[in-house]
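Peer 1: This is the content of entry10.txt (compact mmCIF, C-alpha atoms and all ligand atoms):
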# COMPACT_ATOMS: atom_id res chain seq x y z
CA MET A 17 9.35 11.32 -9.91
CA THR A 18 7.06 9.49 -12.36
CA ALA A 19 8.14 8.67 -15.93
CA PRO A 20 7.18 11.37 -18.44
CA SER A 21 4.05 10.84 -20.54
CA THR A 22 3.55 12.73 -23.78
CA ALA A 23 0.39 13.09 -25.84
CA GLN A 24 -0.25 14.66 -29.22
CA SER A 25 -3.61 16.12 -30.14
CA CYS A 26 -5.11 17.83 -33.19
CA ALA A 27 -6.99 21.11 -33.08
CA ASN A 28 -10.46 20.83 -34.61
CA ILE A 29 -12.74 22.97 -36.75
CA ALA A 30 -16.45 22.95 -35.90
CA PHE A 31 -19.06 22.78 -38.69
CA ILE A 32 -21.94 23.04 -36.22
CA LYS A 33 -20.52 25.28 -33.49
CA TYR A 34 -20.37 25.15 -29.73
CA TRP A 35 -21.42 28.68 -28.87
CA GLY A 36 -23.13 29.09 -25.52
CA ARG A 37 -23.30 26.99 -22.37
CA ARG A 38 -26.12 25.92 -20.10
CA ASP A 39 -23.61 25.20 -17.29
CA HIS A 40 -20.43 27.26 -17.25
CA ALA A 41 -18.59 25.35 -14.51
CA LEU A 42 -19.20 21.96 -16.16
CA ARG A 43 -18.94 23.41 -19.67
CA LEU A 44 -22.21 21.81 -20.74
CA PRO A 45 -23.12 23.27 -24.14
CA LEU A 46 -26.47 24.67 -25.24
CA ASN A 47 -26.34 22.49 -28.35
CA GLY A 48 -24.47 19.52 -29.78
CA SER A 49 -21.68 20.24 -32.25
CA ILE A 50 -19.81 18.52 -35.09
CA SER A 51 -16.16 19.00 -36.06
CA MET A 52 -13.17 17.58 -37.88
CA ASN A 53 -9.72 17.11 -36.37
CA LEU A 54 -7.01 19.07 -38.21
CA ASP A 55 -3.94 16.93 -38.87
CA GLY A 56 -1.64 19.90 -39.48
CA ALA A 57 -2.45 21.80 -36.29
CA THR A 58 -1.30 19.82 -33.27
CA THR A 59 -0.31 20.32 -29.65
CA THR A 60 2.28 18.03 -28.04
CA THR A 61 2.33 17.97 -24.23
CA THR A 62 4.59 16.18 -21.73
CA VAL A 63 3.54 15.71 -18.09
CA ILE A 64 5.74 14.48 -15.21
CA PHE A 65 4.48 14.26 -11.63
CA ASP A 66 7.39 15.19 -9.36
CA PRO A 67 7.15 14.93 -5.54
CA ALA A 68 10.03 17.44 -5.25
CA LEU A 69 7.81 20.24 -6.61
CA ASP A 70 5.67 22.37 -4.32
CA GLU A 71 3.67 23.85 -7.21
CA ASP A 72 2.90 22.98 -10.83
CA ARG A 73 5.42 24.26 -13.38
CA VAL A 74 3.89 25.00 -16.78
CA THR A 75 5.94 25.90 -19.86
CA ILE A 76 4.40 26.64 -23.24
CA LEU A 77 7.36 26.53 -25.63
CA ASP A 78 7.84 29.32 -28.20
CA ALA A 79 4.73 31.18 -27.05
CA GLY A 80 5.49 32.28 -23.51
CA THR A 81 3.33 31.14 -20.59
CA THR A 82 0.84 33.60 -19.16
CA ALA A 83 -0.23 33.32 -15.51
CA GLN A 84 -3.81 32.83 -16.71
CA ALA A 85 -2.85 29.87 -18.94
CA ALA A 86 -0.77 28.29 -16.16
CA HIS A 87 -3.68 28.65 -13.75
CA ARG A 88 -6.10 26.97 -16.17
CA VAL A 89 -3.62 24.08 -16.68
CA SER A 90 -3.17 23.69 -12.91
CA ALA A 91 -6.94 23.61 -12.37
CA HIS A 92 -7.16 20.83 -14.97
CA LEU A 93 -4.33 18.87 -13.31
CA ASP A 94 -6.35 19.14 -10.07
CA ARG A 95 -9.19 17.24 -11.79
CA VAL A 96 -6.77 14.49 -12.84
CA ARG A 97 -5.18 14.38 -9.37
CA ALA A 98 -8.61 14.08 -7.73
CA LEU A 99 -9.52 11.13 -9.99
CA ALA A 100 -6.13 9.44 -9.42
CA GLY A 101 -6.14 10.08 -5.66
CA ILE A 102 -2.78 11.89 -5.68
CA THR A 103 -1.59 15.36 -4.64
CA THR A 104 1.81 15.42 -6.40
CA ARG A 105 2.58 18.59 -8.39
CA ALA A 106 3.56 18.30 -12.04
CA ARG A 107 5.90 19.68 -14.64
CA VAL A 108 4.09 20.38 -17.93
CA VAL A 109 5.81 21.30 -21.18
CA SER A 110 3.76 21.96 -24.30
CA ARG A 111 4.39 22.98 -27.90
CA ASN A 112 2.06 23.82 -30.81
CA SER A 113 2.90 22.80 -34.39
CA PHE A 114 1.16 25.81 -35.84
CA PRO A 115 3.10 29.04 -36.04
CA MET A 116 2.91 31.13 -32.92
CA GLY A 117 0.50 34.03 -32.97
CA THR A 118 -1.52 32.81 -35.95
CA GLY A 119 -4.70 33.28 -33.96
CA ILE A 120 -5.57 29.59 -34.43
CA ALA A 121 -7.53 28.39 -31.42
CA SER A 122 -5.27 26.14 -29.40
CA SER A 123 -7.38 25.39 -26.32
CA ALA A 124 -8.98 22.32 -27.95
CA SER A 125 -5.71 20.56 -28.80
CA ALA A 126 -4.07 21.91 -25.64
CA PHE A 127 -6.62 20.48 -23.19
CA ALA A 128 -7.04 17.21 -25.11
CA ALA A 129 -3.27 16.60 -25.07
CA LEU A 130 -2.98 17.67 -21.42
CA THR A 131 -5.82 15.32 -20.42
CA VAL A 132 -4.31 12.25 -22.10
CA ALA A 133 -0.71 12.97 -21.01
CA ALA A 134 -1.67 13.76 -17.40
CA CYS A 135 -3.87 10.65 -17.05
CA ALA A 136 -1.08 8.43 -18.39
CA ALA A 137 1.49 10.09 -16.10
CA ALA A 138 -0.86 9.52 -13.12
CA ASN A 139 -1.40 5.86 -14.13
CA LEU A 140 -5.07 6.56 -14.60
CA THR A 141 -6.70 4.40 -17.27
CA LEU A 142 -9.83 5.99 -18.73
CA ASP A 143 -11.76 4.99 -21.84
CA GLU A 144 -12.26 7.41 -24.73
CA ARG A 145 -15.62 8.64 -23.45
CA ALA A 146 -14.26 9.40 -19.96
CA LEU A 147 -11.25 11.19 -21.49
CA SER A 148 -13.59 13.27 -23.66
CA ILE A 149 -15.68 14.26 -20.60
CA LEU A 150 -12.55 15.17 -18.66
CA ALA A 151 -11.10 17.21 -21.56
CA ARG A 152 -14.46 19.06 -21.85
CA LEU A 153 -14.05 20.37 -18.29
CA GLY A 154 -10.78 22.04 -19.36
CA SER A 155 -12.14 23.55 -22.58
CA GLY A 156 -15.42 22.62 -24.22
CA SER A 157 -14.10 22.11 -27.74
CA ALA A 158 -11.26 19.91 -26.37
CA CYS A 159 -13.72 17.03 -25.89
CA ARG A 160 -13.99 16.84 -29.70
CA SER A 161 -10.20 16.49 -30.14
CA ILE A 162 -10.08 13.22 -28.16
CA PRO A 163 -11.73 10.90 -30.77
CA ALA A 164 -10.50 10.52 -34.39
CA GLY A 165 -11.65 12.12 -37.63
CA PHE A 166 -15.17 13.55 -37.93
CA VAL A 167 -16.62 13.94 -34.45
CA GLU A 168 -19.94 14.78 -32.79
CA TRP A 169 -20.20 16.20 -29.26
CA HIS A 170 -23.54 15.20 -27.75
CA ALA A 171 -24.95 18.05 -25.66
CA GLY A 172 -26.14 15.39 -23.19
CA GLU A 173 -28.35 15.56 -20.13
CA ASP A 174 -25.56 15.98 -17.59
CA SER A 175 -21.76 15.77 -17.33
CA GLU A 176 -21.65 12.00 -17.85
CA THR A 177 -23.65 12.16 -21.07
CA SER A 178 -21.95 15.23 -22.61
CA TYR A 179 -19.02 13.78 -24.59
CA ALA A 180 -17.76 13.44 -28.14
CA GLU A 181 -17.41 10.40 -30.38
CA THR A 182 -16.30 9.64 -33.93
CA ILE A 183 -19.05 9.72 -36.55
CA ALA A 184 -16.64 8.84 -39.39
CA PRO A 185 -12.92 7.95 -39.31
CA PRO A 186 -10.31 10.25 -40.95
CA GLU A 187 -10.01 8.08 -44.09
CA HIS A 188 -13.79 8.17 -44.68
CA TRP A 189 -13.73 11.45 -46.64
CA ASP A 190 -10.91 13.44 -48.23
CA LEU A 191 -12.22 16.81 -47.05
CA ARG A 192 -9.63 19.56 -46.63
CA ASP A 193 -9.53 22.63 -44.42
CA LEU A 194 -7.39 25.52 -45.62
CA ILE A 195 -6.85 28.09 -42.89
CA ALA A 196 -6.36 31.52 -44.42
CA ILE A 197 -4.35 33.45 -41.83
CA VAL A 198 -5.16 37.15 -41.84
CA GLN A 199 -4.44 38.03 -38.25
CA THR A 200 -1.45 37.21 -36.12
CA ALA A 201 -2.33 39.21 -33.02
CA HIS A 202 -4.19 37.58 -30.14
CA LYS A 203 -7.94 38.04 -30.43
CA ASP A 204 -9.49 40.71 -28.22
CA VAL A 205 -12.42 38.68 -26.90
CA GLY A 206 -11.62 35.06 -26.03
CA SER A 207 -14.17 32.36 -26.80
CA THR A 208 -14.76 31.79 -23.07
CA THR A 209 -15.92 35.42 -22.74
CA GLY A 210 -17.88 35.37 -26.02
CA GLN A 211 -19.66 32.17 -24.97
CA ALA A 212 -20.84 33.78 -21.73
CA LEU A 213 -22.66 36.56 -23.66
CA VAL A 214 -24.83 34.33 -25.85
CA ASP A 215 -28.01 34.69 -23.78
CA SER A 216 -27.97 38.47 -24.31
CA SER A 217 -28.47 38.14 -28.09
CA PRO A 218 -32.08 38.36 -29.33
CA PHE A 219 -31.13 35.77 -31.99
CA SER A 220 -29.87 33.12 -29.56
CA GLU A 221 -33.05 30.99 -29.55
CA ALA A 222 -33.39 31.05 -33.32
CA ARG A 223 -29.77 30.07 -33.83
CA LEU A 224 -30.14 27.19 -31.36
CA ALA A 225 -33.15 25.78 -33.17
CA ALA A 226 -31.32 26.07 -36.50
CA ALA A 227 -28.16 24.48 -35.08
CA GLU A 228 -30.21 21.51 -33.82
CA ARG A 229 -31.62 21.00 -37.32
CA GLY A 230 -28.14 21.55 -38.79
CA LEU A 231 -26.67 18.71 -36.73
CA ALA A 232 -28.64 16.09 -38.66
CA VAL A 233 -27.93 17.78 -42.00
CA VAL A 234 -24.17 17.93 -41.43
CA ARG A 235 -23.97 14.44 -39.86
CA ASN A 236 -25.79 12.90 -42.81
CA ALA A 237 -23.83 14.90 -45.37
CA ILE A 238 -20.53 13.75 -43.82
CA ARG A 239 -21.70 10.15 -43.86
CA ALA A 240 -22.75 10.50 -47.53
CA CYS A 241 -19.66 12.60 -48.48
CA ASP A 242 -22.14 15.11 -49.94
CA PHE A 243 -19.95 18.22 -50.25
CA GLU A 244 -22.58 20.74 -51.38
CA THR A 245 -25.13 19.92 -48.66
CA PHE A 246 -22.35 19.84 -46.08
CA GLY A 247 -20.87 23.15 -47.24
CA GLU A 248 -24.16 25.07 -47.47
CA GLU A 249 -25.15 24.13 -43.91
CA THR A 250 -21.65 24.69 -42.49
CA GLU A 251 -21.43 28.19 -43.98
CA GLN A 252 -24.92 29.07 -42.72
CA GLU A 253 -24.04 27.87 -39.22
CA ALA A 254 -20.89 30.01 -39.12
CA LEU A 255 -22.99 33.05 -40.04
CA ARG A 256 -25.58 32.13 -37.40
CA MET A 257 -22.88 31.88 -34.71
CA HIS A 258 -21.42 35.23 -35.72
CA ALA A 259 -24.91 36.77 -35.87
CA VAL A 260 -25.27 35.84 -32.20
CA ALA A 261 -21.80 37.21 -31.35
CA LEU A 262 -22.48 40.45 -33.25
CA THR A 263 -25.80 40.97 -31.47
CA SER A 264 -24.61 40.02 -27.96
CA GLN A 265 -24.42 42.78 -25.36
CA PRO A 266 -21.68 43.91 -25.49
CA SER A 267 -21.40 43.09 -29.18
CA VAL A 268 -18.49 40.94 -30.35
CA LEU A 269 -17.17 41.49 -33.90
CA TYR A 270 -14.48 38.94 -34.75
CA TRP A 271 -14.11 39.81 -38.45
CA SER A 272 -11.56 42.11 -40.02
CA PRO A 273 -11.84 43.62 -43.54
CA GLU A 274 -9.67 40.71 -44.79
CA THR A 275 -12.14 38.19 -43.31
CA VAL A 276 -14.97 39.71 -45.31
CA ARG A 277 -12.82 39.90 -48.44
CA ILE A 278 -12.21 36.14 -48.26
CA MET A 279 -15.91 35.42 -47.59
CA GLN A 280 -16.82 37.42 -50.70
CA ALA A 281 -14.09 35.77 -52.78
CA ILE A 282 -15.30 32.28 -51.83
CA ARG A 283 -18.82 33.18 -52.93
CA ALA A 284 -17.60 34.71 -56.19
CA TRP A 285 -15.44 31.64 -56.92
CA ARG A 286 -18.34 29.36 -56.12
CA ALA A 287 -20.45 31.20 -58.69
CA GLU A 288 -17.69 30.29 -61.19
CA GLY A 289 -17.98 26.61 -60.24
CA VAL A 290 -15.20 26.35 -57.61
CA ARG A 291 -16.12 23.90 -54.84
CA ALA A 292 -15.40 25.80 -51.59
CA TYR A 293 -17.28 26.97 -48.48
CA PHE A 294 -16.09 28.94 -45.49
CA THR A 295 -16.46 28.75 -41.74
CA ILE A 296 -15.05 31.10 -39.09
CA ASP A 297 -14.34 30.54 -35.38
CA ALA A 298 -13.94 33.20 -32.69
CA GLY A 299 -11.32 35.12 -34.66
CA ALA A 300 -10.62 36.80 -38.00
CA ASN A 301 -9.01 33.85 -39.78
CA VAL A 302 -11.12 31.99 -42.34
CA HIS A 303 -11.33 28.21 -42.68
CA VAL A 304 -11.99 27.23 -46.29
CA LEU A 305 -13.37 23.74 -46.86
CA CYS A 306 -12.88 21.91 -50.16
CA PRO A 307 -12.59 18.43 -51.67
CA GLY A 308 -9.04 16.99 -51.71
CA ALA A 309 -8.83 17.17 -55.52
CA ASP A 310 -9.23 20.96 -55.48
CA VAL A 311 -6.87 21.85 -52.65
CA ASP A 312 -3.83 23.07 -54.61
CA ALA A 313 -5.75 25.34 -56.95
CA LEU A 314 -7.75 26.81 -54.08
CA ALA A 315 -4.69 27.36 -51.87
CA LYS A 316 -3.07 29.25 -54.76
CA ARG A 317 -6.11 31.48 -55.19
CA LEU A 318 -6.24 32.18 -51.45
CA ARG A 319 -2.54 33.08 -51.26
CA GLU A 320 -3.05 35.65 -54.01
CA LEU A 321 -5.74 37.50 -52.03
CA LYS A 322 -4.69 40.78 -50.43
CA GLY A 323 -4.22 40.46 -46.67
CA VAL A 324 -3.73 36.66 -46.60
CA ARG A 325 -0.44 36.10 -44.76
CA ASP A 326 -0.35 32.33 -44.92
CA VAL A 327 -2.50 29.32 -45.82
CA LEU A 328 -2.29 26.20 -43.65
CA ALA A 329 -3.65 22.98 -45.19
CA ASN A 330 -5.24 20.23 -43.11
CA ARG A 331 -6.67 16.76 -43.71
CA PRO A 332 -8.97 14.92 -41.27
CA GLY A 333 -6.75 14.13 -38.28
CA PRO A 334 -6.32 11.21 -35.85
CA ALA A 335 -7.40 10.81 -32.23
CA THR A 336 -5.33 12.20 -29.35
CA ARG A 337 -2.61 9.62 -28.73
CA LEU A 338 0.41 8.91 -26.55
CA ILE A 339 3.79 9.26 -28.25
CA ASP A 340 7.37 8.51 -27.19
CA ALA A 341 9.01 11.82 -28.10
CA HIS A 342 9.02 13.64 -24.76
CA LEU A 343 9.58 17.39 -24.53
CA VAL A 344 11.66 17.05 -21.34
C1 LIG B 401 -15.96 29.32 -31.88
O1 LIG B 401 -13.91 25.50 -26.55
O2 LIG B 401 -12.61 27.65 -26.78
O3 LIG B 401 -14.35 27.59 -31.68
O4 LIG B 401 -15.12 25.98 -23.33
O5 LIG B 401 -14.62 28.37 -22.94
O6 LIG B 401 -12.78 26.82 -23.63
P1 LIG B 401 -14.26 27.15 -23.71
O7 LIG B 401 -14.58 27.53 -25.22
P2 LIG B 401 -13.93 26.98 -26.56
O8 LIG B 401 -14.98 27.51 -27.63
C2 LIG B 401 -14.89 27.18 -28.98
C3 LIG B 401 -15.73 28.10 -29.76
C4 LIG B 401 -15.65 27.96 -31.28
C5 LIG B 401 -16.68 26.98 -31.81
C6 LIG B 401 -16.38 25.52 -31.66
O9 LIG B 401 -15.20 25.12 -31.68
O10 LIG B 401 -17.34 24.74 -31.60
Would you kindly transcribe this structure into structure tokens?
Ligand code: DP6
Peer 2:
Amino acid sequence: MTAPSTAQSCANIAFIKYWGRRDHALRLPLNGSISMNLDGATTTTTVIFDPALDEDRVTILDAGTTAQAAHRVSAHLDRVRALAGITTRARVVSRNSFPMGTGIASSASAFAALTVAACAAANLTLDERALSILARLGSGSACRSIPAGFVEWHAGEDSETSYAETIAPPEHWDLRDLIAIVQTAHKDVGSTTGQALVDSSPFSEARLAAAERGLAVVRNAIRACDFETFGEETEQEALRMHAVALTSQPSVLYWSPETVRIMQAIRAWRAEGVRAYFTIDAGANVHVLCPGADVDALAKRLRELKGVRDVLANRPGPATRLIDAHLV
């Protein structure tokens, strides 16, 4: 049995979204994307390769392990085994820091942590770029959780050139992400399914062209710590992604009445001079972005809104890293 290896990874929130793939098997995206790691939303994963096992054993603590999740983990371990030249089965134990059933996407932090822990357990030494490429094969957005802070995923020409790297370290900008939790049930349409429908939307091409232009706007605004330019483009991009989801065939509507209530509140507050913009992933929860100085006042306002069950605050988070606190 090998020694256990444990990695901790942050979830991330995309400002320019990954929504649509040009190669589903390799998870090559239609467009580049930009995100920030979320320091308060982490996955910790321990991997041990054990010759006594005849199949992989996957346990997701507190959440229950579905057969589908275990299968996706096993398929990812196969990629690591192929690179390391081993066939040994593994024990995998994983835990999320964010409350169970909050509807926060966990595949990014899950596959980033699994990639780093499994490579270490298999004695496979890969650089950050190779780890990002490998994580991408497990879940596209996971490639952006490998590097630290503010991150750009280059769409690339092929698998070797489609990876993520830091565009600014976590300490560069005190931007905060407040996740307003409105839904605790699992979303109906997973992002993997939603992504596969993109081509059926009549707005897909237009959104792609706008996202390409948005990449430069958001990248430059992050570098300049220009909150208004950053926020305007980020909010527009979220609406563009959802416009594509809404107009896919079949149509995908991720919002609930509470989602729209928060969107309207943010706009009303902004008209009063509050510095806040929203973005939304493939779910009903709303991510509210604000400068560090405004976080307490904004969190208070959000908590007072009807339908908001919890507010989770995040700063820019670190890279995926190995830690000593093993889960087994
Ligand atoms: C809306 O990375 O979950 O969060 O590659 O199928 O695992 P798969 O998709 P996933 O999609 C993330 C979609 C998004 C936008 C984003 O994070 O860029």
Peer 1: As lines of an AutoDock Vina configuration file, please: the centre and edge lengths in Å, to one decimal, of an axis-aligned box enclosing every listed atom of ligand LIG 401 (chain B) with 4 Å added on each side.
Peer 2:
center_x = -15.0
center_y = 27.0
center_z = -27.4
size_x = 12.7
size_y = 12.6
size_z = 16.9
Peer 1: Give me the residues near stretch 171-174 of chain A as an MDAnalysis selection string, where near means some atom within 6 Å (using all atoms listed in the file) and where sequence neighbours in that chain fewer than 5 positions away do not count.
Peer 2: chainID A and resid 45 47:48
Peer 1: Quick one: contact table of chain A to ligand LIG 401 (chain B), 9 Å max, nearest atom pair and distance in Å to one decimal per residue, counting all atoms listed in the file, chain and number order, as CSV?
Peer 2:
residue,atom,partner,partner_atom,distance
A:Asn28,CA,B:LIG401,O9,7.0
A:Ile29,CA,B:LIG401,O9,6.0
A:Ala30,CA,B:LIG401,O10,4.7
A:Phe31,CA,B:LIG401,O10,7.6
A:Ile32,CA,B:LIG401,O10,6.7
A:Lys33,CA,B:LIG401,O10,3.7
A:Tyr34,CA,B:LIG401,O10,3.6
A:Trp35,CA,B:LIG401,C3,5.8
A:Gly36,CA,B:LIG401,O8,8.6
A:Arg37,CA,B:LIG401,O4,8.3
A:His40,CA,B:LIG401,O4,8.2
A:Arg43,CA,B:LIG401,O4,5.9
A:Leu44,CA,B:LIG401,O4,8.6
A:Pro45,CA,B:LIG401,O4,8.5
A:Ser49,CA,B:LIG401,O10,6.3
A:Ile50,CA,B:LIG401,O10,7.5
A:Ser51,CA,B:LIG401,O10,7.4
A:Ala121,CA,B:LIG401,O3,6.9
A:Ser122,CA,B:LIG401,O2,7.9
A:Ser123,CA,B:LIG401,O2,5.7
A:Ala124,CA,B:LIG401,O1,6.0
A:Phe127,CA,B:LIG401,O6,8.9
A:Arg152,CA,B:LIG401,O4,7.1
A:Leu153,CA,B:LIG401,O4,7.6
A:Gly154,CA,B:LIG401,O6,6.7
A:Ser155,CA,B:LIG401,O6,3.5
A:Gly156,CA,B:LIG401,O4,3.5
A:Ser157,CA,B:LIG401,O1,3.6
A:Ala158,CA,B:LIG401,O1,6.2
A:Cys159,CA,B:LIG401,O1,8.5
A:Arg160,CA,B:LIG401,O9,8.6
A:Gly206,CA,B:LIG401,O2,7.5
A:Ser207,CA,B:LIG401,O2,5.0
A:Thr208,CA,B:LIG401,O5,3.4
A:Thr209,CA,B:LIG401,O5,7.2
A:Gly210,CA,B:LIG401,O5,8.3
A:Gln211,CA,B:LIG401,O5,6.6
A:Ala212,CA,B:LIG401,O5,8.3
A:Ala254,CA,B:LIG401,C1,8.8
A:Met257,CA,B:LIG401,C1,7.9
A:His258,CA,B:LIG401,C1,8.9
A:Ile296,CA,B:LIG401,C1,7.5
A:Asp297,CA,B:LIG401,C1,4.0
A:Ala298,CA,B:LIG401,C1,4.4
A:Gly299,CA,B:LIG401,C1,7.9
Peer 1: Any chance you could export the current selection's C-alpha atoms as a CSV table (one decimal), in the frame of the given file?
Peer 2:
chain,number,residue,atom,x,y,z
A,28,ASN,CA,-10.5,20.8,-34.6
A,29,ILE,CA,-12.7,23.0,-36.8
A,30,ALA,CA,-16.4,23.0,-35.9
A,31,PHE,CA,-19.1,22.8,-38.7
A,32,ILE,CA,-21.9,23.0,-36.2
A,33,LYS,CA,-20.5,25.3,-33.5
A,34,TYR,CA,-20.4,25.2,-29.7
A,35,TRP,CA,-21.4,28.7,-28.9
A,36,GLY,CA,-23.1,29.1,-25.5
A,37,ARG,CA,-23.3,27.0,-22.4
A,40,HIS,CA,-20.4,27.3,-17.2
A,43,ARG,CA,-18.9,23.4,-19.7
A,44,LEU,CA,-22.2,21.8,-20.7
A,45,PRO,CA,-23.1,23.3,-24.1
A,49,SER,CA,-21.7,20.2,-32.2
A,50,ILE,CA,-19.8,18.5,-35.1
A,51,SER,CA,-16.2,19.0,-36.1
A,121,ALA,CA,-7.5,28.4,-31.4
A,122,SER,CA,-5.3,26.1,-29.4
A,123,SER,CA,-7.4,25.4,-26.3
A,124,ALA,CA,-9.0,22.3,-28.0
A,127,PHE,CA,-6.6,20.5,-23.2
A,152,ARG,CA,-14.5,19.1,-21.8
A,153,LEU,CA,-14.0,20.4,-18.3
A,154,GLY,CA,-10.8,22.0,-19.4
A,155,SER,CA,-12.1,23.6,-22.6
A,156,GLY,CA,-15.4,22.6,-24.2
A,157,SER,CA,-14.1,22.1,-27.7
A,158,ALA,CA,-11.3,19.9,-26.4
A,159,CYS,CA,-13.7,17.0,-25.9
A,160,ARG,CA,-14.0,16.8,-29.7
A,206,GLY,CA,-11.6,35.1,-26.0
A,207,SER,CA,-14.2,32.4,-26.8
A,208,THR,CA,-14.8,31.8,-23.1
A,209,THR,CA,-15.9,35.4,-22.7
A,210,GLY,CA,-17.9,35.4,-26.0
A,211,GLN,CA,-19.7,32.2,-25.0
A,212,ALA,CA,-20.8,33.8,-21.7
A,254,ALA,CA,-20.9,30.0,-39.1
A,257,MET,CA,-22.9,31.9,-34.7
A,258,HIS,CA,-21.4,35.2,-35.7
A,296,ILE,CA,-15.0,31.1,-39.1
A,297,ASP,CA,-14.3,30.5,-35.4
A,298,ALA,CA,-13.9,33.2,-32.7
A,299,GLY,CA,-11.3,35.1,-34.7
Peer 1: Taking 2 positions as the minimum chain separation for residues in the same chain, which residues sit within 9 Å of A:Arg239 when counting all atoms listed in the file? Answer as a PDB file with C-alpha atoms, in the frame of the given file.
Peer 2:
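Final output, saved to out24.pdb:
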ATOM      1  CA  ILE A 183     -19.050   9.720 -36.550  1.00  0.00           C
ATOM      2  CA  ALA A 184     -16.640   8.840 -39.390  1.00  0.00           C
ATOM      3  CA  HIS A 188     -13.790   8.170 -44.680  1.00  0.00           C
ATOM      4  CA  TRP A 189     -13.730  11.450 -46.640  1.00  0.00           C
ATOM      5  CA  VAL A 234     -24.170  17.930 -41.430  1.00  0.00           C
ATOM      6  CA  ARG A 235     -23.970  14.440 -39.860  1.00  0.00           C
ATOM      7  CA  ASN A 236     -25.790  12.900 -42.810  1.00  0.00           C
ATOM      8  CA  ALA A 237     -23.830  14.900 -45.370  1.00  0.00           C
ATOM      9  CA  CYS A 241     -19.660  12.600 -48.480  1.00  0.00           C
ATOM     10  CA  ASP A 242     -22.140  15.110 -49.940  1.00  0.00           C
TER      11      ASP A 242
END
Peer 1: What is the atom CA of A:Thr58-atom CA of A:Phe114 distance in Å, reported with one decimal?
Peer 2: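 It comes out at 7.0 Å.
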Peer 1: Excluding same-chain residues fewer than 4 positions from A:Arg95, what lies within 9 Å of it counting only C-alpha atoms, as number ranges by chain?
Peer 2: A: 90-91, 99-100, 150, 153
Peer 1: Could you tell me which of A:Lys322, A:Arg192, A:His170, A:Arg73 comes closest to A:Ala292 if we count all atoms listed in the file?
Peer 2: A:Arg192
Peer 1: In Å, with one decimal, what is the gap from atom CA of A:Ile149 to atom CA of A:Glu181?
Peer 2: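 Spanning atom CA of A:Ile149 to atom CA of A:Glu181 is a straight-line distance of 10.7 Å.
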Peer 1: Closest to A:Asp70 among A:Ala315, A:Leu130, A:Ala106, A:Ala281, using only C-alpha atoms?
Peer 2: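 Between A:Ala315, A:Leu130, A:Ala106, A:Ala281, the residue approaching A:Asp70 most closely is A:Ala106.
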Peer 1: Quick one: pull the distance between atom CA of A:Pro163 and atom CA of A:Arg145, Å, one decimal.
Peer 2: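 Spanning atom CA of A:Pro163 to atom CA of A:Arg145 is a straight-line distance of 8.6 Å.
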Peer 1: Which residues are close to A:Thr104, i.e. within 8 Å by all atoms listed in the file, leaving aside same-chain residues fewer than 5 positions away? Reply as a list of chain:residue names.
Peer 2: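 Those residues are A:Phe65, A:Asp66, A:Pro67, A:Leu69, A:Arg97.
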Peer 1: With distances taken over only C-alpha atoms, which of A:Pro185, A:Pro307, A:Ala313, A:Ser175 is nearest to A:Asp39?
Peer 2: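 Among the listed residues, A:Ser175 lies closest to A:Asp39.
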Peer 1: Taking all atoms listed in the file into account, which of A:Phe219, A:Tyr293, A:Phe246, A:Trp169 comes nearest A:Cys306?
Peer 2: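 Closest to A:Cys306, using all atoms listed in the file: A:Tyr293.
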Peer 1: Pick out the residues sitting within 10 Å of A:His87, and hand them over as a PyMOL selection string; count only C-alpha atoms, and ignore anything fewer than 5 positions along from it in its own chain.
Peer 2: chain A and resi 72+74+82+92-93
Peer 1: Given the point (-1.9, 19.5, -29.1) in the coordinates of this file, which residues lie within 6 Å, counting all atoms listed in the file, and how would they look as a ChimeraX atom specification?
Peer 2: /A:24-26,58-60,125-126,129
Peer 1: Rank nothing, just name the residue among A:Asp215, A:Asp312, A:Asp326, A:Glu288 nearest to A:Pro266, using all atoms listed in the file.
Peer 2: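 The shortest atom-to-atom distance to A:Pro266 comes from A:Asp215.
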Peer 1: Ranking A:Val167, A:Ala227, A:Leu338, A:Cys135 by minimum distance to A:Tyr179 and counting all atoms listed in the file, which one comes first?
Peer 2: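 The answer is A:Val167, which sits nearest to A:Tyr179.
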